[in-house]
$ cat target-v6.cif   # mmCIF, C-alpha atoms (C1' of nucleotides)
data_model
loop_
_atom_site.label_atom_id
_atom_site.label_comp_id
_atom_site.auth_asym_id
_atom_site.auth_seq_id
_atom_site.Cartn_x
_atom_site.Cartn_y
_atom_site.Cartn_z
CA MET O 160 28.83 10.87 18.24
CA THR O 161 28.36 13.28 15.35
CA PHE O 162 29.43 12.99 11.73
CA PRO O 163 30.06 16.50 10.57
CA LEU O 164 30.83 15.82 6.93
CA LEU O 165 27.58 14.53 5.52
CA THR O 166 25.56 16.52 8.01
CA ASP O 167 27.25 19.71 6.88
CA GLN O 168 26.72 18.96 3.24
CA VAL O 169 23.08 18.27 3.88
CA THR O 170 22.68 21.40 5.96
CA GLN O 171 24.18 23.41 3.16
CA THR O 172 21.83 21.95 0.58
CA LEU O 173 18.97 22.43 2.97
CA ARG O 174 19.75 26.12 3.41
CA ALA O 175 20.20 26.64 -0.30
CA GLN O 176 16.69 25.35 -0.85
CA GLY O 177 14.97 27.17 1.99
CA GLY O 178 14.88 24.06 4.15
CA ARG O 179 15.70 23.69 7.83
CA MET O 180 18.12 21.50 9.72
CA THR O 181 16.23 19.91 12.58
CA ALA O 182 17.29 17.79 15.52
CA GLN O 183 15.45 14.85 13.96
CA ARG O 184 17.29 15.11 10.67
CA ARG O 185 20.62 15.42 12.40
CA LEU O 186 19.84 12.34 14.44
CA ILE O 187 18.77 10.31 11.45
CA LEU O 188 21.90 11.29 9.57
CA ASP O 189 24.07 10.26 12.49
CA VAL O 190 22.41 6.92 12.89
CA LEU O 191 22.57 6.31 9.17
CA GLN O 192 26.29 6.91 9.08
CA ALA O 193 26.95 4.94 12.24
CA SER O 194 25.24 1.84 10.92
CA ASP O 195 27.48 -0.26 8.75
CA SER O 196 25.12 -1.89 6.33
CA HIS O 197 22.08 -0.59 4.42
CA PRO O 198 19.48 -0.35 7.19
CA THR O 199 15.79 -0.12 6.41
CA ALA O 200 13.64 2.78 7.50
CA GLU O 201 12.35 0.72 10.41
CA GLU O 202 15.84 -0.19 11.51
CA LEU O 203 16.99 3.40 11.45
CA TYR O 204 13.86 4.33 13.34
CA ALA O 205 14.57 1.80 16.07
CA LEU O 206 18.15 2.96 16.43
CA ALA O 207 17.32 6.64 16.38
CA ARG O 208 14.61 6.15 18.94
CA GLN O 209 17.21 5.14 21.48
CA SER O 210 18.35 8.73 21.43
CA ASP O 211 14.98 10.38 20.88
CA PRO O 212 11.99 8.22 21.77
CA SER O 213 9.58 10.86 20.50
CA LEU O 214 10.87 10.54 16.95
CA ASN O 215 8.19 9.43 14.52
CA LEU O 216 8.48 6.81 11.81
CA SER O 217 7.02 9.04 9.15
CA THR O 218 9.71 11.59 9.85
CA VAL O 219 12.27 8.93 9.10
CA TYR O 220 10.56 8.13 5.82
CA ARG O 221 10.26 11.77 4.86
CA THR O 222 13.89 12.42 5.67
CA LEU O 223 15.09 9.40 3.72
CA ASN O 224 13.04 10.41 0.72
CA TRP O 225 14.44 13.88 0.87
CA LEU O 226 17.99 12.51 1.08
CA GLU O 227 17.35 10.12 -1.77
CA GLU O 228 16.01 12.81 -4.06
CA ARG O 229 19.21 14.79 -3.51
CA GLY O 230 21.46 11.79 -3.99
CA PHE O 231 22.72 11.63 -0.39
CA VAL O 232 21.57 8.08 0.09
CA SER O 233 21.10 5.30 -2.40
CA PRO O 234 18.25 2.87 -1.99
CA ARG O 235 18.50 -0.85 -2.57
CA ARG O 236 15.59 -3.19 -2.91
CA PHE O 237 16.24 -6.76 -1.98
CA ASP O 238 13.55 -9.31 -2.45
CA ASP O 239 13.62 -10.38 1.14
CA ASN O 240 10.34 -10.61 2.95
CA HIS O 241 8.01 -7.89 1.75
CA ALA O 242 10.76 -6.05 -0.08
CA HIS O 243 11.68 -3.32 2.32
CA LYS O 244 13.79 -0.57 0.95
CA HIS O 245 17.34 -0.37 2.34
CA PHE O 246 19.43 2.77 2.42
CA ASP O 247 23.14 3.39 2.14
CA PRO O 248 24.82 6.71 2.63
CA VAL O 249 26.45 7.38 -0.73
CA GLN O 250 30.18 6.66 -0.69
CA PRO O 251 32.33 9.48 -2.01
CA ASP O 252 34.74 6.84 -3.31
CA GLY O 253 31.97 5.27 -5.32
CA GLY O 254 32.33 1.74 -4.04
CA HIS O 255 29.28 -0.41 -4.55
CA VAL O 256 27.88 -3.41 -2.82
CA HIS O 257 26.08 -5.92 -4.99
CA HIS O 258 23.69 -8.71 -4.21
CA PHE O 259 22.62 -12.18 -5.00
CA HIS O 260 19.04 -13.16 -4.33
CA CYS O 261 17.93 -16.76 -3.97
CA ARG O 262 14.69 -17.16 -5.85
CA LYS O 263 13.72 -20.12 -3.69
CA CYS O 264 14.38 -19.14 -0.08
CA ASP O 265 14.80 -15.37 -0.61
CA ARG O 266 18.15 -15.32 1.06
CA VAL O 267 20.31 -12.34 0.15
CA ILE O 268 24.07 -12.61 -0.16
CA GLU O 269 26.26 -9.56 -0.57
CA PHE O 270 29.38 -9.41 -2.66
CA SER O 271 31.69 -6.84 -4.10
CA ALA O 272 33.30 -7.12 -7.48
CA PRO O 273 36.05 -4.75 -8.49
CA GLN O 274 35.35 -5.57 -12.14
CA VAL O 275 31.91 -4.17 -11.73
CA GLU O 276 33.34 -0.83 -10.81
CA LEU O 277 35.37 -0.77 -13.99
CA LEU O 278 32.43 -1.70 -16.11
CA LEU O 279 30.29 0.89 -14.44
CA GLU O 280 32.82 3.54 -15.36
CA GLN O 281 32.51 2.55 -19.00
CA ILE O 282 28.77 2.24 -19.04
CA ARG O 283 28.14 5.31 -17.00
CA GLY O 284 29.72 7.56 -19.59
CA GLU O 285 28.17 5.83 -22.55
CA ILE O 286 24.66 5.77 -21.17
CA ALA O 287 24.97 9.33 -19.94
CA ARG O 288 26.00 10.52 -23.39
CA GLN O 289 23.40 8.44 -25.16
CA HIS O 290 20.47 9.59 -23.09
CA GLY O 291 21.75 12.90 -21.79
CA LEU O 292 21.34 11.91 -18.19
CA ARG O 293 23.50 11.76 -15.12
CA VAL O 294 24.31 8.43 -13.51
CA ASP O 295 25.57 8.56 -9.96
CA ASP O 296 24.89 5.15 -8.61
CA ALA O 297 24.65 1.56 -9.74
CA ALA O 298 23.59 -1.74 -8.33
CA LEU O 299 23.93 -5.21 -9.71
CA VAL O 300 21.49 -7.86 -8.61
CA LEU O 301 22.11 -11.48 -9.46
CA SER O 302 19.59 -14.18 -8.83
CA GLY O 303 19.43 -17.92 -8.87
CA LEU O 304 19.69 -20.64 -6.27
CA CYS O 305 21.81 -20.37 -3.13
CA MET O 306 24.05 -23.23 -2.05
CA ASP O 307 21.43 -24.72 0.26
CA CYS O 308 18.69 -24.64 -2.33
CA VAL O 309 21.02 -26.04 -4.97
CA ALA O 310 21.74 -28.91 -2.59
CA LYS O 311 18.05 -29.54 -1.98
CA SER O 312 17.12 -29.58 -5.65
CA MET G 1385 -2.46 -17.42 -29.86
CA THR G 1386 -0.55 -20.00 -27.89
CA PHE G 1387 3.14 -20.22 -27.11
CA PRO G 1388 3.89 -23.89 -26.85
CA LEU G 1389 7.53 -23.68 -25.83
CA LEU G 1390 7.46 -22.14 -22.40
CA THR G 1391 4.06 -23.60 -21.68
CA ASP G 1392 5.35 -27.08 -22.43
CA GLN G 1393 8.40 -26.64 -20.25
CA VAL G 1394 6.22 -25.42 -17.42
CA THR G 1395 3.78 -28.26 -17.86
CA GLN G 1396 6.62 -30.72 -17.70
CA THR G 1397 7.97 -29.23 -14.48
CA LEU G 1398 4.47 -29.11 -13.10
CA ARG G 1399 3.91 -32.77 -13.75
CA ALA G 1400 7.27 -33.73 -12.31
CA GLN G 1401 6.28 -32.08 -9.05
CA GLY G 1402 2.73 -33.33 -8.78
CA GLY G 1403 1.31 -30.05 -9.97
CA ARG G 1404 -1.47 -29.41 -12.48
CA MET G 1405 -1.65 -27.40 -15.67
CA THR G 1406 -4.77 -25.30 -15.49
CA ALA G 1407 -6.53 -23.05 -17.97
CA GLN G 1408 -5.59 -20.06 -15.82
CA ARG G 1409 -1.91 -20.88 -15.83
CA ARG G 1410 -1.92 -21.44 -19.55
CA LEU G 1411 -3.60 -18.09 -20.05
CA ILE G 1412 -1.17 -16.25 -17.79
CA LEU G 1413 1.77 -17.81 -19.56
CA ASP G 1414 0.39 -16.79 -22.93
CA VAL G 1415 -0.23 -13.22 -21.88
CA LEU G 1416 3.17 -13.02 -20.27
CA GLN G 1417 4.89 -14.11 -23.45
CA ALA G 1418 2.77 -11.92 -25.68
CA SER G 1419 3.59 -8.78 -23.74
CA ASP G 1420 6.83 -7.22 -24.78
CA SER G 1421 8.08 -5.55 -21.65
CA HIS G 1422 8.11 -6.64 -18.03
CA PRO G 1423 4.47 -6.27 -17.05
CA THR G 1424 3.39 -6.10 -13.44
CA ALA G 1425 0.98 -8.58 -11.91
CA GLU G 1426 -1.83 -6.06 -12.30
CA GLU G 1427 -1.02 -5.51 -15.94
CA LEU G 1428 -0.99 -9.21 -16.68
CA TYR G 1429 -4.22 -9.52 -14.79
CA ALA G 1430 -5.87 -6.83 -16.87
CA LEU G 1431 -4.70 -8.41 -20.11
CA ALA G 1432 -5.61 -11.94 -19.15
CA ARG G 1433 -9.04 -10.84 -18.03
CA GLN G 1434 -9.88 -9.91 -21.58
CA SER G 1435 -9.83 -13.61 -22.33
CA ASP G 1436 -11.17 -14.86 -19.02
CA PRO G 1437 -13.03 -12.28 -16.94
CA SER G 1438 -13.42 -14.72 -14.07
CA LEU G 1439 -9.68 -14.92 -13.53
CA ASN G 1440 -8.66 -13.75 -10.07
CA LEU G 1441 -5.78 -11.47 -9.21
CA SER G 1442 -4.48 -13.74 -6.50
CA THR G 1443 -4.20 -16.53 -9.03
CA VAL G 1444 -1.95 -14.30 -11.07
CA TYR G 1445 0.23 -13.64 -8.06
CA ARG G 1446 0.37 -17.27 -7.10
CA THR G 1447 1.27 -18.30 -10.62
CA LEU G 1448 3.97 -15.67 -10.93
CA ASN G 1449 5.48 -16.70 -7.62
CA TRP G 1450 5.48 -20.29 -8.70
CA LEU G 1451 7.16 -19.38 -11.98
CA GLU G 1452 9.71 -17.24 -10.22
CA GLU G 1453 10.68 -19.95 -7.76
CA ARG G 1454 11.37 -22.26 -10.69
CA GLY G 1455 13.29 -19.64 -12.63
CA PHE G 1456 10.77 -19.28 -15.46
CA VAL G 1457 10.36 -15.56 -14.93
CA SER G 1458 12.73 -13.02 -13.52
CA PRO G 1459 11.39 -10.24 -11.37
CA ARG G 1460 12.58 -6.65 -11.55
CA ARG G 1461 11.88 -4.02 -8.96
CA PHE G 1462 11.88 -0.48 -10.22
CA ASP G 1463 11.40 2.34 -7.82
CA ASP G 1464 8.36 3.64 -9.60
CA ASN G 1465 5.35 4.46 -7.46
CA HIS G 1466 4.89 1.94 -4.71
CA ALA G 1467 7.52 -0.35 -6.18
CA HIS G 1468 5.47 -2.91 -8.03
CA LYS G 1469 7.27 -6.00 -9.07
CA HIS G 1470 7.68 -6.49 -12.83
CA PHE G 1471 8.11 -9.84 -14.52
CA ASP G 1472 9.98 -10.97 -17.59
CA PRO G 1473 9.84 -14.39 -19.08
CA VAL G 1474 13.42 -15.62 -18.88
CA GLN G 1475 15.19 -15.46 -22.23
CA PRO G 1476 16.82 -18.69 -23.28
CA ASP G 1477 19.51 -16.62 -25.02
CA GLY G 1478 20.29 -14.92 -21.73
CA GLY G 1479 19.88 -11.37 -22.96
CA HIS G 1480 19.18 -8.86 -20.23
CA VAL G 1481 17.44 -5.54 -20.12
CA HIS G 1482 18.83 -3.02 -17.70
CA HIS G 1483 17.41 0.11 -16.19
CA PHE G 1484 18.09 3.61 -15.16
CA HIS G 1485 15.97 5.12 -12.42
CA CYS G 1486 15.64 8.88 -11.93
CA ARG G 1487 15.84 9.56 -8.23
CA LYS G 1488 13.92 12.79 -8.66
CA CYS G 1489 10.93 12.02 -10.88
CA ASP G 1490 11.07 8.20 -10.64
CA ARG G 1491 11.13 7.81 -14.38
CA VAL G 1492 12.52 4.49 -15.58
CA ILE G 1493 14.57 4.24 -18.76
CA GLU G 1494 15.58 0.93 -20.26
CA PHE G 1495 18.81 0.19 -21.98
CA SER G 1496 20.79 -2.78 -23.08
CA ALA G 1497 24.54 -3.00 -22.90
CA PRO G 1498 26.37 -5.81 -24.64
CA GLN G 1499 29.37 -5.19 -22.36
CA VAL G 1500 27.19 -6.05 -19.42
CA GLU G 1501 26.59 -9.49 -20.84
CA LEU G 1502 30.32 -10.10 -21.06
CA LEU G 1503 30.91 -8.92 -17.55
CA LEU G 1504 28.07 -11.03 -16.27
CA GLU G 1505 29.67 -14.07 -17.82
CA GLN G 1506 32.85 -13.39 -15.88
CA ILE G 1507 31.20 -12.56 -12.61
CA ARG G 1508 28.69 -15.34 -12.79
CA GLY G 1509 31.38 -17.99 -12.76
CA GLU G 1510 33.47 -16.33 -10.13
CA ILE G 1511 30.65 -15.69 -7.72
CA ALA G 1512 29.24 -19.13 -8.29
CA ARG G 1513 32.57 -20.73 -7.48
CA GLN G 1514 33.18 -18.50 -4.50
CA HIS G 1515 29.86 -19.09 -2.83
CA GLY G 1516 28.86 -22.43 -4.28
CA LEU G 1517 25.66 -21.09 -5.72
CA ARG G 1518 23.97 -20.99 -9.09
CA VAL G 1519 23.42 -17.67 -10.83
CA ASP G 1520 20.87 -17.68 -13.60
CA ASP G 1521 19.86 -14.10 -13.94
CA ALA G 1522 21.26 -10.64 -13.53
CA ALA G 1523 19.99 -7.10 -13.54
CA LEU G 1524 21.83 -3.85 -13.48
CA VAL G 1525 20.10 -0.78 -12.12
CA LEU G 1526 21.66 2.62 -12.53
CA SER G 1527 20.30 5.68 -10.83
CA GLY G 1528 20.78 9.40 -10.98
CA LEU G 1529 19.00 12.26 -12.70
CA CYS G 1530 17.19 11.94 -16.01
CA MET G 1531 17.67 14.52 -18.75
CA ASP G 1532 14.66 16.55 -17.68
CA CYS G 1533 15.65 16.65 -14.05
CA VAL G 1534 19.22 17.49 -14.95
CA ALA G 1535 17.90 20.43 -16.95
CA LYS G 1536 15.74 21.61 -14.08
CA SER G 1537 18.49 21.47 -11.50
"C1'" DA M 916 -15.95 -42.90 -19.09
"C1'" DA M 917 -16.93 -42.26 -14.09
"C1'" DC M 918 -14.22 -41.82 -9.51
"C1'" DG M 919 -11.36 -40.03 -5.97
"C1'" DT M 920 -7.56 -37.50 -4.35
"C1'" DT M 921 -5.75 -33.24 -3.57
"C1'" DA M 922 -3.77 -29.22 -6.06
"C1'" DA M 923 -5.54 -24.83 -7.62
"C1'" DT M 924 -9.02 -21.30 -7.76
"C1'" DG M 925 -12.08 -17.40 -6.27
"C1'" DC M 926 -13.34 -14.59 -2.73
"C1'" DA M 927 -12.72 -11.65 1.00
"C1'" DA M 928 -10.12 -10.41 4.64
"C1'" DA M 929 -5.52 -9.61 6.42
"C1'" DC M 930 -0.82 -7.71 5.97
"C1'" DG M 931 2.85 -4.56 6.03
"C1'" DA M 932 5.63 -1.04 4.10
"C1'" DT M 933 5.08 3.54 2.87
"C1'" DT M 934 2.41 7.87 2.22
"C1'" DT M 935 -0.55 11.68 3.37
"C1'" DG M 936 -3.75 15.35 5.61
"C1'" DC M 937 -3.74 18.27 9.19
"C1'" DA M 938 -3.09 20.82 13.43
"C1'" DA M 939 0.69 21.92 16.51
"C1'" DC M 940 5.52 23.04 16.67
"C1'" DA M 941 9.98 25.16 15.95
"C1'" DA M 942 14.11 26.90 12.75
"C1'" DG M 943 16.03 30.80 11.35
"C1'" DA M 944 15.58 35.36 9.00
"C1'" DA M 945 14.15 39.96 10.18
"C1'" DT U 603 11.52 38.51 20.22
"C1'" DT U 604 8.50 38.05 16.48
"C1'" DC U 605 6.90 36.19 12.22
"C1'" DT U 606 6.91 33.12 8.47
"C1'" DT U 607 6.62 28.75 6.85
"C1'" DG U 608 9.08 24.37 6.69
"C1'" DT U 609 8.78 20.23 9.67
"C1'" DT U 610 6.94 17.13 12.98
"C1'" DG U 611 3.78 13.81 15.29
"C1'" DC U 612 -0.29 11.48 14.97
"C1'" DA U 613 -3.69 8.80 12.86
"C1'" DA U 614 -5.81 7.32 9.01
"C1'" DA U 615 -5.42 6.05 4.33
"C1'" DT U 616 -2.97 3.59 0.34
"C1'" DC U 617 -1.82 -0.07 -2.30
"C1'" DG U 618 0.79 -4.04 -3.72
"C1'" DT U 619 0.83 -8.58 -2.19
"C1'" DT U 620 -0.38 -12.58 0.75
"C1'" DT U 621 -3.35 -15.86 3.07
"C1'" DG U 622 -7.34 -18.85 5.01
"C1'" DC U 623 -10.96 -21.34 3.56
"C1'" DA U 624 -14.70 -23.48 1.11
"C1'" DT U 625 -15.35 -24.89 -3.64
"C1'" DT U 626 -13.81 -26.49 -8.03
"C1'" DA U 627 -11.39 -29.17 -11.27
"C1'" DA U 628 -6.91 -31.83 -13.05
"C1'" DC U 629 -5.50 -36.12 -13.97
"C1'" DG U 630 -3.93 -40.78 -12.31
"C1'" DT U 631 -6.63 -44.75 -11.23
"C1'" DT U 632 -10.36 -47.87 -11.64
#

$ encode --input "target-v6.cif" --output "C-alpha cells"
Amino acid sequence: MTFPLLTDQVTQTLRAQGGRMTAQRRLILDVLQASDSHPTAEELYALARQSDPSLNLSTVYRTLNWLEERGFVSPRRFDDNHAHKHFDPVQPDGGHVHHFHCRKCDRVIEFSAPQVELLLEQIRGEIARQHGLRVDDAALVLSGLCMDCVAKS
Amino acid sequence: MTFPLLTDQVTQTLRAQGGRMTAQRRLILDVLQASDSHPTAEELYALARQSDPSLNLSTVYRTLNWLEERGFVSPRRFDDNHAHKHFDPVQPDGGHVHHFHCRKCDRVIEFSAPQVELLLEQIRGEIARQHGLRVDDAALVLSGLCMDCVAKS
DNA sequence: AACGTTAATGCAAACGATTTGCAACAAGAA
DNA sequence: TTCTTGTTGCAAATCGTTTGCATTAACGTT
C-alpha cells in the first residue's frame, strides 16, 4: 500500500532542496503512515525490513531526522526504558496526543484532551508574537503515580 | 549554604523507608536548589564536585533517580544534543516552566504561561478521576521554528 | 562510645539509542 | 547514457545513563 499525500509533499520538498526521493525513504514514509501510534526508529526499522530486508537502521534515523527538521513528523520522548524517541506523522488537523508518565514504574498512559487544543491555540499565538517564532506542534506531559503505584503506596 | 526545607523533607522520607542521609545526598540537594534552571546530571556533578571532588557521577544519577521516584524533582527532556535529562526541584507552589524546541537548530526557549496553570488544574482533576491516578507535575513542550530559523527559511 | 547490619558509594565496565566517516551506489538532470 | 552528487550500508564511535561488586559509612542497638 502507498500513501501518496505525505509522500508527494515530501518529494516536492526534497526536489526543491536538491534532494532525492529514494526507495528507502518511500518505504519508511509508508510504514510510518501505516502504523497507528508513534513508533520508535527501531520499530519502523523492523516493519520496513519486512518489505526490504537490506534496509539499514541508520537510514531510518537519517530519514526521520530529515523529516523532523522539515516538520513532517513530530517526535515525542516518553520516559519509558532508555527514553527512545517516538515519531508521529504530523496531523494536518492538528490533533495532539498527550501523555502521563508514572514516575515509579515508568508506565506511559496516553490521553487526549480537547481543552488542550483550545489552550494551545491561545498560547501558540501569544508565544509566537512574543518571541517571533513559529509553533507548529505541542505536547503535554503529565507525571505522577499511576493507579497501581498509588495503590501500592 | 544549606537549604533545610527540601533536605529535611528528604531526610524524613529516607528515614521512613530505611534509607540513610549521606553527605553526598545533602550536597546534591544543596546544589540542585542553588541552581536556578533545570541542570542536567552532569551539570550538577560539576557543581557539586567543587565542594567534594571525590563525588562520583553515578552517585548523582542514583540520587536523582531516587528523588524522581519520590516526586522531589521533576525531569524534563529537551531535544537538545543527545537528549540529556534535566532536573528541577519540584516547586511547592506548583509553578511550571514550559519550553519551546526549535526542530531545526535544537535551540530551547523557556516560557511561562499563567493560562497553562489554569488548564492544568482542570485537566489534572479530570484525568486523575478518569484513570484513577495521581498527577503531580506537568510540562508543556511546544516545537516549531525559532526566530532565527524562521528568518533563514 | 564501640558494634553490627546493610544501605550507599566509588570505580570500572556494560548498555543502548543515536550518530558519523567513508567507500560504494543510484536518482535525476543534462 | 553519462555525470554529478545526494544517499545508502556498514562498522565503528559517541555519549548519556545504568549496573555489578568490593568497600565504606549511617545510624539503630548494645

$ resolve_selection --input "target-v6.cif" --expression "the PyMOL selection byres ((chain G) within 7 of (chain M))" --output "PyMOL selection string"
chain G and resi 1403-1404+1440+1443

$ resolve_selection --input "target-v6.cif" --expression "the PyMOL selection byres ((chain O) within 12 of (chain U))" --output "PyMOL selection string"
chain O and resi 173-174+176-184+212-219+221-222+240-242

$ resolve_selection --input "target-v6.cif" --expression "the PyMOL selection byres ((chain G) within 6 of (chain O))" --output "list in words"
Glu1453, Arg1487, Lys1488, Gly1516, Leu1517, Arg1518, Val1519, Asp1520, Asp1521, Ala1522, Ala1523, Leu1524, Val1525, Leu1526, Ser1527, Gly1528, Leu1529, Cys1530 and Met1531 of chain G

$ atom_distance --input "target-v6.cif" --atom1 "CA of Ala200 in chain O" --atom2 "CA of Phe246 in chain O"
7.7 Å

$ atom_distance --input "target-v6.cif" --atom1 "CA of Phe231 in chain O" --atom2 "CA of Val249 in chain O"
5.7 Å

$ atom_distance --input "target-v6.cif" --atom1 "CA of His255 in chain O" --atom2 "CA of Leu188 in chain O"
19.8 Å

$ axis_aligned_box --input "target-v6.cif" --around "range 220-231 of chain O" --padding-each-side "5 Å" --output "AutoDock Vina command-line options"
--center_x 16.5 --center_y 11.5 --center_z 0.9 --size_x 22.5 --size_y 16.7 --size_z 19.9

$ build_atoms --input "target-v6.cif" --residues "range 171-196 of chain O" --atoms "N, CA and C atoms" --output "CSV table (one decimal), in the frame of the given file"
chain,number,residue,atom,x,y,z
O,171,GLN,N,23.9,22.4,4.2
O,171,GLN,CA,24.2,23.4,3.2
O,171,GLN,C,23.1,23.3,2.1
O,172,THR,N,22.8,22.1,1.6
O,172,THR,CA,21.8,22.0,0.6
O,172,THR,C,20.5,22.4,1.1
O,173,LEU,N,20.2,22.1,2.3
O,173,LEU,CA,19.0,22.4,3.0
O,173,LEU,C,18.8,23.9,2.9
O,174,ARG,N,19.8,24.7,3.4
O,174,ARG,CA,19.8,26.1,3.4
O,174,ARG,C,19.5,26.7,2.0
O,175,ALA,N,20.3,26.1,1.1
O,175,ALA,CA,20.2,26.6,-0.3
O,175,ALA,C,18.8,26.5,-0.9
O,176,GLN,N,18.0,25.6,-0.3
O,176,GLN,CA,16.7,25.4,-0.8
O,176,GLN,C,15.6,25.8,0.1
O,177,GLY,N,16.0,26.6,1.1
O,177,GLY,CA,15.0,27.2,2.0
O,177,GLY,C,14.5,26.2,3.0
O,178,GLY,N,15.3,25.1,3.2
O,178,GLY,CA,14.9,24.1,4.2
O,178,GLY,C,15.5,24.3,5.5
O,179,ARG,N,15.2,23.5,6.5
O,179,ARG,CA,15.7,23.7,7.8
O,179,ARG,C,16.3,22.4,8.4
O,180,MET,N,17.5,22.6,9.1
O,180,MET,CA,18.1,21.5,9.7
O,180,MET,C,17.5,21.3,11.1
O,181,THR,N,16.9,20.2,11.3
O,181,THR,CA,16.2,19.9,12.6
O,181,THR,C,17.0,18.9,13.4
O,182,ALA,N,16.6,18.8,14.6
O,182,ALA,CA,17.3,17.8,15.5
O,182,ALA,C,17.0,16.4,15.0
O,183,GLN,N,15.8,16.2,14.5
O,183,GLN,CA,15.4,14.8,14.0
O,183,GLN,C,16.3,14.5,12.8
O,184,ARG,N,16.5,15.4,11.9
O,184,ARG,CA,17.3,15.1,10.7
O,184,ARG,C,18.7,14.8,11.0
O,185,ARG,N,19.2,15.6,12.0
O,185,ARG,CA,20.6,15.4,12.4
O,185,ARG,C,20.8,14.0,13.0
O,186,LEU,N,19.8,13.7,13.8
O,186,LEU,CA,19.8,12.3,14.4
O,186,LEU,C,19.8,11.2,13.4
O,187,ILE,N,18.9,11.3,12.5
O,187,ILE,CA,18.8,10.3,11.4
O,187,ILE,C,20.1,10.2,10.6
O,188,LEU,N,20.6,11.3,10.3
O,188,LEU,CA,21.9,11.3,9.6
O,188,LEU,C,23.0,10.6,10.4
O,189,ASP,N,23.1,10.9,11.6
O,189,ASP,CA,24.1,10.3,12.5
O,189,ASP,C,23.9,8.8,12.5
O,190,VAL,N,22.7,8.4,12.8
O,190,VAL,CA,22.4,6.9,12.9
O,190,VAL,C,22.7,6.2,11.6
O,191,LEU,N,22.3,6.9,10.5
O,191,LEU,CA,22.6,6.3,9.2
O,191,LEU,C,24.1,6.1,8.9
O,192,GLN,N,24.9,7.0,9.3
O,192,GLN,CA,26.3,6.9,9.1
O,192,GLN,C,27.0,5.9,10.1
O,193,ALA,N,26.4,5.8,11.2
O,193,ALA,CA,27.0,4.9,12.2
O,193,ALA,C,26.7,3.5,11.9
O,194,SER,N,25.6,3.2,11.2
O,194,SER,CA,25.2,1.8,10.9
O,194,SER,C,26.0,1.4,9.7
O,195,ASP,N,26.5,0.2,9.8
O,195,ASP,CA,27.5,-0.3,8.8
O,195,ASP,C,26.8,-0.8,7.5
O,196,SER,N,25.6,-1.3,7.6
O,196,SER,CA,25.1,-1.9,6.3
O,196,SER,C,23.6,-1.7,6.0
